[in-house]
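**Student:** Just passing along the structure, written as structure tokens.
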Amino acid sequence: MQTMNSTSQQNQAPPLSIRNLWVEYSVERGLVKAVRGVNLDLRPEESLALIGESGCGKTTLALALIRLLVKAATITQGTITYRRDGQELDILSLNSRELRRFRWRECAMVFQSALNAFNPVLRIRDQIYDTARAHGVTSREETHQRALGLLEHVQLDPKRVINAYPHELSGGMRQRVLLAMSLLLDPQVLILDEPTTALDILTQRTIIDLLRRLKAELGFSMMFISHDLATAAELADRVATMYAGNIVELGSVADIFYHPTHPYTLGLIRAVPTVTGDFEELVSIPGSPPDLIDPPSGCKFHPRCTYATERCRVEEPKLEPVLGIGHTVACFHHDLVEQDTESLAKNHSHTTRKNTL
Ligand code: SF4
């Protein structure tokens with residue numbers, strides 16, 4: 001299947017639409033507002049990166065999409081709509097049987113640790129059969145043939161790997177097996193939590209190339225969480241910056257990395273070292289992420305923001321269009337940030353690993 005261009009991606013109904021989504025965790029100290037009113041569409045065949053510091057709500061948002069949140073978490077408001085072949089599903093109203101069908105068949109998720117995802121005493125083939133059976137595929141032969149094809153697709157030796165135990169495979173191989181398993185039931189949406197974390201740099205490169213190729217060939221939409229901006233820059237079509245449980249900037253990968261207009265996105269980019277860049281220019285973001293039990297008033301970034309004014313302390317900005325088509329930002333003073341990002345646009349080495357490998 002051919003990859004769509006961004007115009008046709010925008011014209012078709014998005015496979016996933018999130019509207020005004022709120023998620024809270026109940027903890028001893030109170031209610032943690034982990035996701036606060038998120039609005040987001042995942043377009044057909046696009047790759048969307050969620051970036052931001054730990055605790056900003058990225059993983060909670062991803063888990064909410066497939067209703068895999070822990071018991072202490074509650075979706076208190078909002079809607080999640082899934083679309084395929086002209087049909088719409090209201091994810092928040094699915095019963096457990098419907099949810100089981102939705103997961104893997106429609107929307108699969110690959111979690112962070114490839115090692116922990118496997119049962120150490122079962123061969124890969126048995127883990128694949130168990131997964132298929134749990135989602136209603138009863139033919140072992142059909143599963144076996146599909147698994148062999150997918151393992152080959154992720155550039156593994158299918159006959160060797162399918163009979164192996166997890167400990168006989170390297171971290172990169174296990175990550176590729178997980179990818180193959182996630183595609184077993186031909187999902188339309190793939191969600192990945194830190195797909196390259198804990199892998200060495202050459203294996204990261206392999207996984208990034210593989211994901212790109214799989215997406216182009218199989219035509220799924222992909223949402224991935226990454227704290228590694230280089231991975232996001234290489235793999236994403238669009239990038240959403242999350243802060244304090246909400247999206248504060250959303251745009252094409254070029255918009256976000258060459259023309260960031262939110263001080264937090266700019267801070268994340270400036271904090272990334274490059275092999276060819278000048279280390280003296282690295283600037284870390286002052287302060288620490290907010291307490292989401294008792295978040296700051298107004299713009300949640302204001303205690304850390306060098307652009308903050310009185311308005312920022314009392315009023316929370318909403319996502320509004322800025323600069324390029326589809327580029328939106330939640331900041332009252334994005335024009336000042338734009339002026340400061342001009343120098344970044346000239347320095348492509350900040351956003352791509354291409355020159356450094
Ligand atoms: Fe900073 Fe104000 Fe923009 Fe918030 S709204 S990011 S505090 S300038």
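Within each chain, counting starts at residue 1; across the structure tokens, chains are named A, B, ... in the order shown, with ligands numbered 1 upward in that order.
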Write out as a Markdown table a residue-level contact list of chain A versus ligand 1 with cut-off 6 Å: for each qualifying residue the closest pair of atoms and the distance in Å to one decimal, counting only C-alpha atoms and all ligand atoms, rows sorted by chain and residue number upward.
**Tutor:**
| residue | atom | partner | partner_atom_place_in_ligand_line | distance |
| --- | --- | --- | --- | --- |
| A:His262 | CA | ligand 1 | 6 (S) | 5.9 |
| A:Pro263 | CA | ligand 1 | 6 (S) | 5.4 |
| A:Cys299 | CA | ligand 1 | 4 (Fe) | 4.6 |
| A:Phe301 | CA | ligand 1 | 4 (Fe) | 5.1 |
| A:His302 | CA | ligand 1 | 7 (S) | 3.5 |
| A:Cys305 | CA | ligand 1 | 1 (Fe) | 4.6 |
| A:Tyr307 | CA | ligand 1 | 8 (S) | 4.4 |
| A:Ala308 | CA | ligand 1 | 7 (S) | 4.1 |
| A:Cys312 | CA | ligand 1 | 2 (Fe) | 4.3 |
| A:Pro317 | CA | ligand 1 | 5 (S) | 5.8 |
| A:Cys331 | CA | ligand 1 | 3 (Fe) | 3.6 |
| A:Phe332 | CA | ligand 1 | 5 (S) | 4.4 |
| A:His333 | CA | ligand 1 | 8 (S) | 4.8 |
**Student:** Could you give me, as JSON lines, every stretch 222-272 of chain A residue with an atom at most 12 Å from stretch 26-40 of chain A, plus its closest atom pair and distance in Å to one decimal, counting only C-alpha atoms, rows ordered by chain then number?
**Tutor:**
{"residue": "A:Met223", "atom": "CA", "partner": "A:Leu40", "partner_atom": "CA", "distance": 11.1}
{"residue": "A:Arg238", "atom": "CA", "partner": "A:Leu40", "partner_atom": "CA", "distance": 11.5}
{"residue": "A:Val239", "atom": "CA", "partner": "A:Leu40", "partner_atom": "CA", "distance": 11.2}
{"residue": "A:Ala240", "atom": "CA", "partner": "A:Leu40", "partner_atom": "CA", "distance": 9.0}
{"residue": "A:Thr241", "atom": "CA", "partner": "A:Val38", "partner_atom": "CA", "distance": 11.5}
{"residue": "A:Met242", "atom": "CA", "partner": "A:Val38", "partner_atom": "CA", "distance": 9.5}
{"residue": "A:Tyr243", "atom": "CA", "partner": "A:Val35", "partner_atom": "CA", "distance": 9.5}
{"residue": "A:Ala244", "atom": "CA", "partner": "A:Ala34", "partner_atom": "CA", "distance": 7.2}
{"residue": "A:Gly245", "atom": "CA", "partner": "A:Val35", "partner_atom": "CA", "distance": 4.0}
{"residue": "A:Asn246", "atom": "CA", "partner": "A:Arg36", "partner_atom": "CA", "distance": 5.4}
{"residue": "A:Ile247", "atom": "CA", "partner": "A:Val38", "partner_atom": "CA", "distance": 6.4}
{"residue": "A:Val248", "atom": "CA", "partner": "A:Val38", "partner_atom": "CA", "distance": 9.7}
{"residue": "A:Glu249", "atom": "CA", "partner": "A:Leu40", "partner_atom": "CA", "distance": 11.1}
{"residue": "A:Leu250", "atom": "CA", "partner": "A:Leu40", "partner_atom": "CA", "distance": 9.1}
{"residue": "A:Gly251", "atom": "CA", "partner": "A:Leu40", "partner_atom": "CA", "distance": 11.4}
**Student:** Could you dump the residues just selected with all heavy atoms as a short mmCIF file (atom, residue, chain, number, x, y, z; two decimals), in the first residue's frame?
**Tutor:**
data_model
loop_
_atom_site.label_atom_id
_atom_site.label_comp_id
_atom_site.auth_asym_id
_atom_site.auth_seq_id
_atom_site.Cartn_x
_atom_site.Cartn_y
_atom_site.Cartn_z
N MET A 223 0.70 5.96 16.62
CA MET A 223 0.93 7.01 17.62
C MET A 223 2.03 6.49 18.53
O MET A 223 1.92 5.36 19.04
CB MET A 223 -0.34 7.26 18.43
CG MET A 223 -0.18 8.36 19.47
SD MET A 223 -1.64 8.56 20.51
CE MET A 223 -2.79 9.27 19.37
N ARG A 238 3.64 14.13 12.37
CA ARG A 238 3.23 15.25 13.23
C ARG A 238 3.70 14.98 14.65
O ARG A 238 3.91 13.82 15.03
CB ARG A 238 1.71 15.40 13.24
CG ARG A 238 1.14 15.95 11.94
CD ARG A 238 -0.31 16.41 12.13
NE ARG A 238 -1.15 15.35 12.63
CZ ARG A 238 -2.27 15.54 13.35
NH1 ARG A 238 -2.63 16.78 13.65
NH2 ARG A 238 -2.99 14.53 13.76
N VAL A 239 3.82 16.06 15.40
CA VAL A 239 4.30 15.95 16.79
C VAL A 239 3.35 16.73 17.70
O VAL A 239 2.93 17.84 17.36
CB VAL A 239 5.73 16.53 16.92
CG1 VAL A 239 6.21 16.48 18.37
CG2 VAL A 239 6.71 15.77 16.03
N ALA A 240 2.99 16.11 18.83
CA ALA A 240 2.19 16.81 19.84
C ALA A 240 3.04 16.93 21.10
O ALA A 240 3.52 15.93 21.62
CB ALA A 240 0.92 16.02 20.14
N THR A 241 3.24 18.14 21.58
CA THR A 241 3.96 18.35 22.84
C THR A 241 2.94 18.34 23.97
O THR A 241 1.96 19.09 23.92
CB THR A 241 4.67 19.72 22.85
OG1 THR A 241 5.44 19.87 21.68
CG2 THR A 241 5.55 19.87 24.08
N MET A 242 3.18 17.48 24.98
CA MET A 242 2.28 17.45 26.13
C MET A 242 2.94 18.08 27.35
O MET A 242 4.14 17.89 27.58
CB MET A 242 1.89 16.01 26.47
CG MET A 242 0.80 15.47 25.56
SD MET A 242 0.06 13.95 26.21
CE MET A 242 -1.09 14.59 27.44
N TYR A 243 2.15 18.83 28.09
CA TYR A 243 2.64 19.39 29.36
C TYR A 243 1.47 19.40 30.35
O TYR A 243 0.37 19.86 30.00
CB TYR A 243 3.18 20.82 29.17
CG TYR A 243 3.88 21.30 30.42
CD1 TYR A 243 5.17 20.88 30.72
CD2 TYR A 243 3.24 22.15 31.32
CE1 TYR A 243 5.81 21.28 31.88
CE2 TYR A 243 3.87 22.56 32.49
CZ TYR A 243 5.16 22.12 32.76
OH TYR A 243 5.79 22.53 33.91
N ALA A 244 1.72 18.92 31.53
CA ALA A 244 0.72 18.93 32.61
C ALA A 244 -0.62 18.36 32.14
O ALA A 244 -1.68 18.91 32.44
CB ALA A 244 0.54 20.34 33.16
N GLY A 245 -0.57 17.26 31.39
CA GLY A 245 -1.79 16.56 31.02
C GLY A 245 -2.53 17.10 29.82
O GLY A 245 -3.63 16.65 29.53
N ASN A 246 -1.96 18.07 29.15
CA ASN A 246 -2.65 18.58 27.96
C ASN A 246 -1.67 18.81 26.81
O ASN A 246 -0.45 18.86 27.03
CB ASN A 246 -3.38 19.89 28.27
CG ASN A 246 -4.64 20.03 27.43
OD1 ASN A 246 -4.78 19.37 26.38
ND2 ASN A 246 -5.57 20.85 27.87
N ILE A 247 -2.21 18.94 25.60
CA ILE A 247 -1.36 19.21 24.45
C ILE A 247 -1.17 20.72 24.37
O ILE A 247 -2.16 21.48 24.35
CB ILE A 247 -1.99 18.65 23.17
CG1 ILE A 247 -1.93 17.12 23.26
CG2 ILE A 247 -1.27 19.15 21.92
CD1 ILE A 247 -2.72 16.42 22.22
N VAL A 248 0.08 21.15 24.35
CA VAL A 248 0.34 22.59 24.32
C VAL A 248 0.84 23.05 22.95
O VAL A 248 0.86 24.24 22.67
CB VAL A 248 1.34 23.02 25.43
CG1 VAL A 248 0.73 22.82 26.81
CG2 VAL A 248 2.68 22.29 25.31
N GLU A 249 1.25 22.12 22.11
CA GLU A 249 1.62 22.47 20.75
C GLU A 249 1.45 21.24 19.86
O GLU A 249 1.76 20.11 20.27
CB GLU A 249 3.07 22.99 20.67
CG GLU A 249 3.42 23.51 19.28
CD GLU A 249 4.65 24.42 19.25
OE1 GLU A 249 5.39 24.49 20.25
OE2 GLU A 249 4.86 25.05 18.19
N LEU A 250 0.96 21.47 18.64
CA LEU A 250 0.73 20.36 17.71
C LEU A 250 1.04 20.87 16.30
O LEU A 250 0.57 21.94 15.91
CB LEU A 250 -0.74 19.93 17.80
CG LEU A 250 -1.24 18.87 16.83
CD1 LEU A 250 -0.56 17.52 17.08
CD2 LEU A 250 -2.76 18.69 16.98
N GLY A 251 1.84 20.11 15.58
CA GLY A 251 2.15 20.55 14.22
C GLY A 251 2.93 19.49 13.47
O GLY A 251 3.22 18.41 14.01
#
**Student:** Give me every alpha helix (DSSP H) residue in stretch 232-355 of chain A, going by DSSP on the backbone, as an MDAnalysis selection string.
**Tutor:** chainID A and resid 232:235 253:258 263:270 310:314 334:340 342:346
**Student:** Deliver the residues from the most recent selection as a file, using N, CA and C atoms, as an mmCIF file, in the first residue's frame.
**Tutor:**
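Result file is result-v3.cif:
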data_model
loop_
_atom_site.group_PDB
_atom_site.id
_atom_site.type_symbol
_atom_site.label_atom_id
_atom_site.label_comp_id
_atom_site.auth_asym_id
_atom_site.auth_seq_id
_atom_site.Cartn_x
_atom_site.Cartn_y
_atom_site.Cartn_z
ATOM 1 N N ALA A 232 11.596 11.020 17.555
ATOM 2 C CA ALA A 232 10.362 11.692 17.117
ATOM 3 C C ALA A 232 10.587 12.405 15.786
ATOM 4 N N ALA A 233 11.725 13.080 15.657
ATOM 5 C CA ALA A 233 12.004 13.846 14.427
ATOM 6 C C ALA A 233 12.121 12.922 13.226
ATOM 7 N N GLU A 234 12.630 11.742 13.436
ATOM 8 C CA GLU A 234 12.850 10.840 12.302
ATOM 9 C C GLU A 234 11.619 10.037 11.934
ATOM 10 N N LEU A 235 10.777 9.763 12.918
ATOM 11 C CA LEU A 235 9.701 8.796 12.695
ATOM 12 C C LEU A 235 8.330 9.451 12.508
ATOM 13 N N VAL A 253 6.197 17.746 11.763
ATOM 14 C CA VAL A 253 7.508 17.576 12.375
ATOM 15 C C VAL A 253 8.402 18.784 12.068
ATOM 16 N N ALA A 254 8.267 19.363 10.865
ATOM 17 C CA ALA A 254 9.079 20.544 10.517
ATOM 18 C C ALA A 254 8.651 21.749 11.346
ATOM 19 N N ASP A 255 7.320 21.926 11.520
ATOM 20 C CA ASP A 255 6.834 23.049 12.343
ATOM 21 C C ASP A 255 7.395 22.968 13.754
ATOM 22 N N ILE A 256 7.284 21.794 14.329
ATOM 23 C CA ILE A 256 7.643 21.658 15.743
ATOM 24 C C ILE A 256 9.148 21.792 15.961
ATOM 25 N N PHE A 257 9.953 21.199 15.083
ATOM 26 C CA PHE A 257 11.390 21.208 15.343
ATOM 27 C C PHE A 257 12.103 22.431 14.766
ATOM 28 N N TYR A 258 11.581 22.998 13.681
ATOM 29 C CA TYR A 258 12.257 24.174 13.110
ATOM 30 C C TYR A 258 11.582 25.482 13.505
ATOM 31 N N PRO A 263 7.036 27.931 24.498
ATOM 32 C CA PRO A 263 8.300 27.958 25.243
ATOM 33 C C PRO A 263 8.735 26.585 25.739
ATOM 34 N N TYR A 264 7.768 25.716 26.046
ATOM 35 C CA TYR A 264 8.136 24.383 26.543
ATOM 36 C C TYR A 264 8.737 23.538 25.419
ATOM 37 N N THR A 265 8.126 23.569 24.223
ATOM 38 C CA THR A 265 8.698 22.819 23.090
ATOM 39 C C THR A 265 10.098 23.341 22.807
ATOM 40 N N LEU A 266 10.230 24.660 22.801
ATOM 41 C CA LEU A 266 11.541 25.272 22.555
ATOM 42 C C LEU A 266 12.545 24.796 23.609
ATOM 43 N N GLY A 267 12.100 24.739 24.863
ATOM 44 C CA GLY A 267 12.970 24.269 25.949
ATOM 45 C C GLY A 267 13.398 22.829 25.751
ATOM 46 N N LEU A 268 12.469 21.976 25.329
ATOM 47 C CA LEU A 268 12.816 20.560 25.095
ATOM 48 C C LEU A 268 13.876 20.451 24.002
ATOM 49 N N ILE A 269 13.710 21.228 22.936
ATOM 50 C CA ILE A 269 14.658 21.143 21.809
ATOM 51 C C ILE A 269 16.028 21.688 22.215
ATOM 52 N N ARG A 270 16.026 22.783 22.974
ATOM 53 C CA ARG A 270 17.310 23.370 23.392
ATOM 54 C C ARG A 270 18.067 22.494 24.384
ATOM 55 N N GLU A 310 1.543 38.548 33.696
ATOM 56 C CA GLU A 310 0.452 38.439 34.662
ATOM 57 C C GLU A 310 -0.721 37.645 34.078
ATOM 58 N N ARG A 311 -1.019 37.886 32.800
ATOM 59 C CA ARG A 311 -2.135 37.161 32.160
ATOM 60 C C ARG A 311 -1.928 35.638 32.261
ATOM 61 N N CYS A 312 -0.668 35.202 32.063
ATOM 62 C CA CYS A 312 -0.358 33.756 32.107
ATOM 63 C C CYS A 312 -0.638 33.171 33.480
ATOM 64 N N ARG A 313 -0.527 33.987 34.520
ATOM 65 C CA ARG A 313 -0.722 33.479 35.885
ATOM 66 C C ARG A 313 -2.197 33.289 36.229
ATOM 67 N N VAL A 314 -3.086 33.928 35.475
ATOM 68 C CA VAL A 314 -4.508 33.831 35.829
ATOM 69 C C VAL A 314 -5.365 33.120 34.780
ATOM 70 N N HIS A 334 3.180 33.485 21.891
ATOM 71 C CA HIS A 334 3.906 32.651 20.908
ATOM 72 C C HIS A 334 4.685 33.497 19.909
ATOM 73 N N ASP A 335 4.234 34.748 19.664
ATOM 74 C CA ASP A 335 4.960 35.605 18.704
ATOM 75 C C ASP A 335 6.386 35.886 19.204
ATOM 76 N N LEU A 336 6.548 36.045 20.523
ATOM 77 C CA LEU A 336 7.893 36.293 21.065
ATOM 78 C C LEU A 336 8.768 35.045 20.929
ATOM 79 N N VAL A 337 8.123 33.885 21.135
ATOM 80 C CA VAL A 337 8.871 32.625 21.016
ATOM 81 C C VAL A 337 9.325 32.446 19.562
ATOM 82 N N GLU A 338 8.412 32.770 18.625
ATOM 83 C CA GLU A 338 8.750 32.630 17.188
ATOM 84 C C GLU A 338 10.021 33.406 16.859
ATOM 85 N N GLN A 339 10.128 34.620 17.403
ATOM 86 C CA GLN A 339 11.326 35.423 17.121
ATOM 87 C C GLN A 339 12.592 34.718 17.605
ATOM 88 N N ASP A 340 12.469 34.076 18.764
ATOM 89 C CA ASP A 340 13.650 33.419 19.340
ATOM 90 C C ASP A 340 14.012 32.102 18.658
ATOM 91 N N GLU A 342 14.171 31.614 15.390
ATOM 92 C CA GLU A 342 14.724 31.769 14.040
ATOM 93 C C GLU A 342 16.094 31.119 13.905
ATOM 94 N N SER A 343 16.903 31.252 14.927
ATOM 95 C CA SER A 343 18.241 30.666 14.843
ATOM 96 C C SER A 343 18.173 29.141 14.796
ATOM 97 N N LEU A 344 17.129 28.576 15.475
ATOM 98 C CA LEU A 344 16.980 27.114 15.458
ATOM 99 C C LEU A 344 16.702 26.600 14.056
ATOM 100 N N ALA A 345 15.922 27.382 13.287
ATOM 101 C CA ALA A 345 15.556 26.937 11.938
ATOM 102 C C ALA A 345 16.788 26.754 11.066
ATOM 103 N N LYS A 346 17.845 27.520 11.384
ATOM 104 C CA LYS A 346 19.057 27.422 10.571
ATOM 105 C C LYS A 346 19.898 26.212 10.962
#
**Student:** I'd like to know which of A:Gly136, A:Gly172, A:Pro15, A:Pro195 is closest to A:Ser226, using only C-alpha atoms.
**Tutor:**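 Of A:Gly136, A:Gly172, A:Pro15, A:Pro195, the one nearest A:Ser226, counting only C-alpha atoms, is A:Pro195.
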**Student:** In terms of the shortest atom-to-atom distance over only C-alpha atoms, which of A:Asp186, A:Glu217, A:Asp200, A:Glu194 is closest to A:Thr231?
**Tutor:**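 Smallest distance to A:Thr231 is found for A:Glu194.
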**Student:** Please, which residues in stretch 147-205 of chain A fall within 12 Å of stretch 45-68 of chain A when counting only C-alpha atoms, and what is the closest atom pair and distance in Å to one decimal for each, ordered by chain then residue number, as a Markdown table?
**Tutor:**
| residue | atom | partner | partner_atom | distance |
| --- | --- | --- | --- | --- |
| A:Pro187 | CA | A:Glu45 | CA | 11.6 |
| A:Gln188 | CA | A:Glu45 | CA | 8.4 |
| A:Val189 | CA | A:Glu45 | CA | 8.5 |
| A:Leu190 | CA | A:Ser47 | CA | 9.4 |
| A:Ile191 | CA | A:Ala62 | CA | 7.1 |
| A:Leu192 | CA | A:Ala62 | CA | 8.5 |
| A:Asp193 | CA | A:Thr59 | CA | 7.0 |
| A:Glu194 | CA | A:Thr59 | CA | 9.4 |
| A:Pro195 | CA | A:Ala49 | CA | 11.1 |
**Student:** Atom CA of A:Met222 and atom CA of A:Gly324, how far apart in Å?
**Tutor:** 22.4 Å
**Student:** Measuring between only C-alpha atoms, which one of A:Leu179, A:Leu99, A:Ile91, A:Leu69 shows the shortest distance to A:Ala117?
**Tutor:** A:Leu179
**Student:** Provide the atom CA of A:Leu178 to atom CA of A:Pro14 distance in Å, to one decimal place.
**Tutor:**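 Spanning atom CA of A:Leu178 to atom CA of A:Pro14 is a straight-line distance of 25.4 Å.
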**Student:** Counting only C-alpha atoms, what is within 7 Å of stretch 74-86 of chain A, bar same-chain residues fewer than 3 positions away, as a list in words?
**Tutor:** Pro14, Pro15, Leu16, Ser17, Ile18, Arg19, Asn20, Leu21, Trp22, Val23, Glu24, Tyr25, Leu65, Leu89, Asp90, Ile91 and Leu92 of chain A
**Student:** With only C-alpha atoms as the counted atoms, please give the residues lying no more than 12 Å from stretch 146-161 of chain A, apart from itself and same-chain residues fewer than 6 positions off, as JSON, numbers by chain.
**Tutor:** {"A": [123, 124, 125, 126, 127, 128, 129, 131, 132, 137, 139, 140, 167, 168, 169, 170, 172, 173, 174, 175, 176, 177, 178, 179, 180, 181, 182, 183, 184, 185, 186, 206, 207, 208, 209, 210, 211, 212, 213, 214, 215, 217, 218]}
**Student:** What separation in Å, quoted to one decimal, exists between atom CA of A:Thr143 and atom CA of A:Cys107?
**Tutor:**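 Distance between the two atoms: 18.3 Å.
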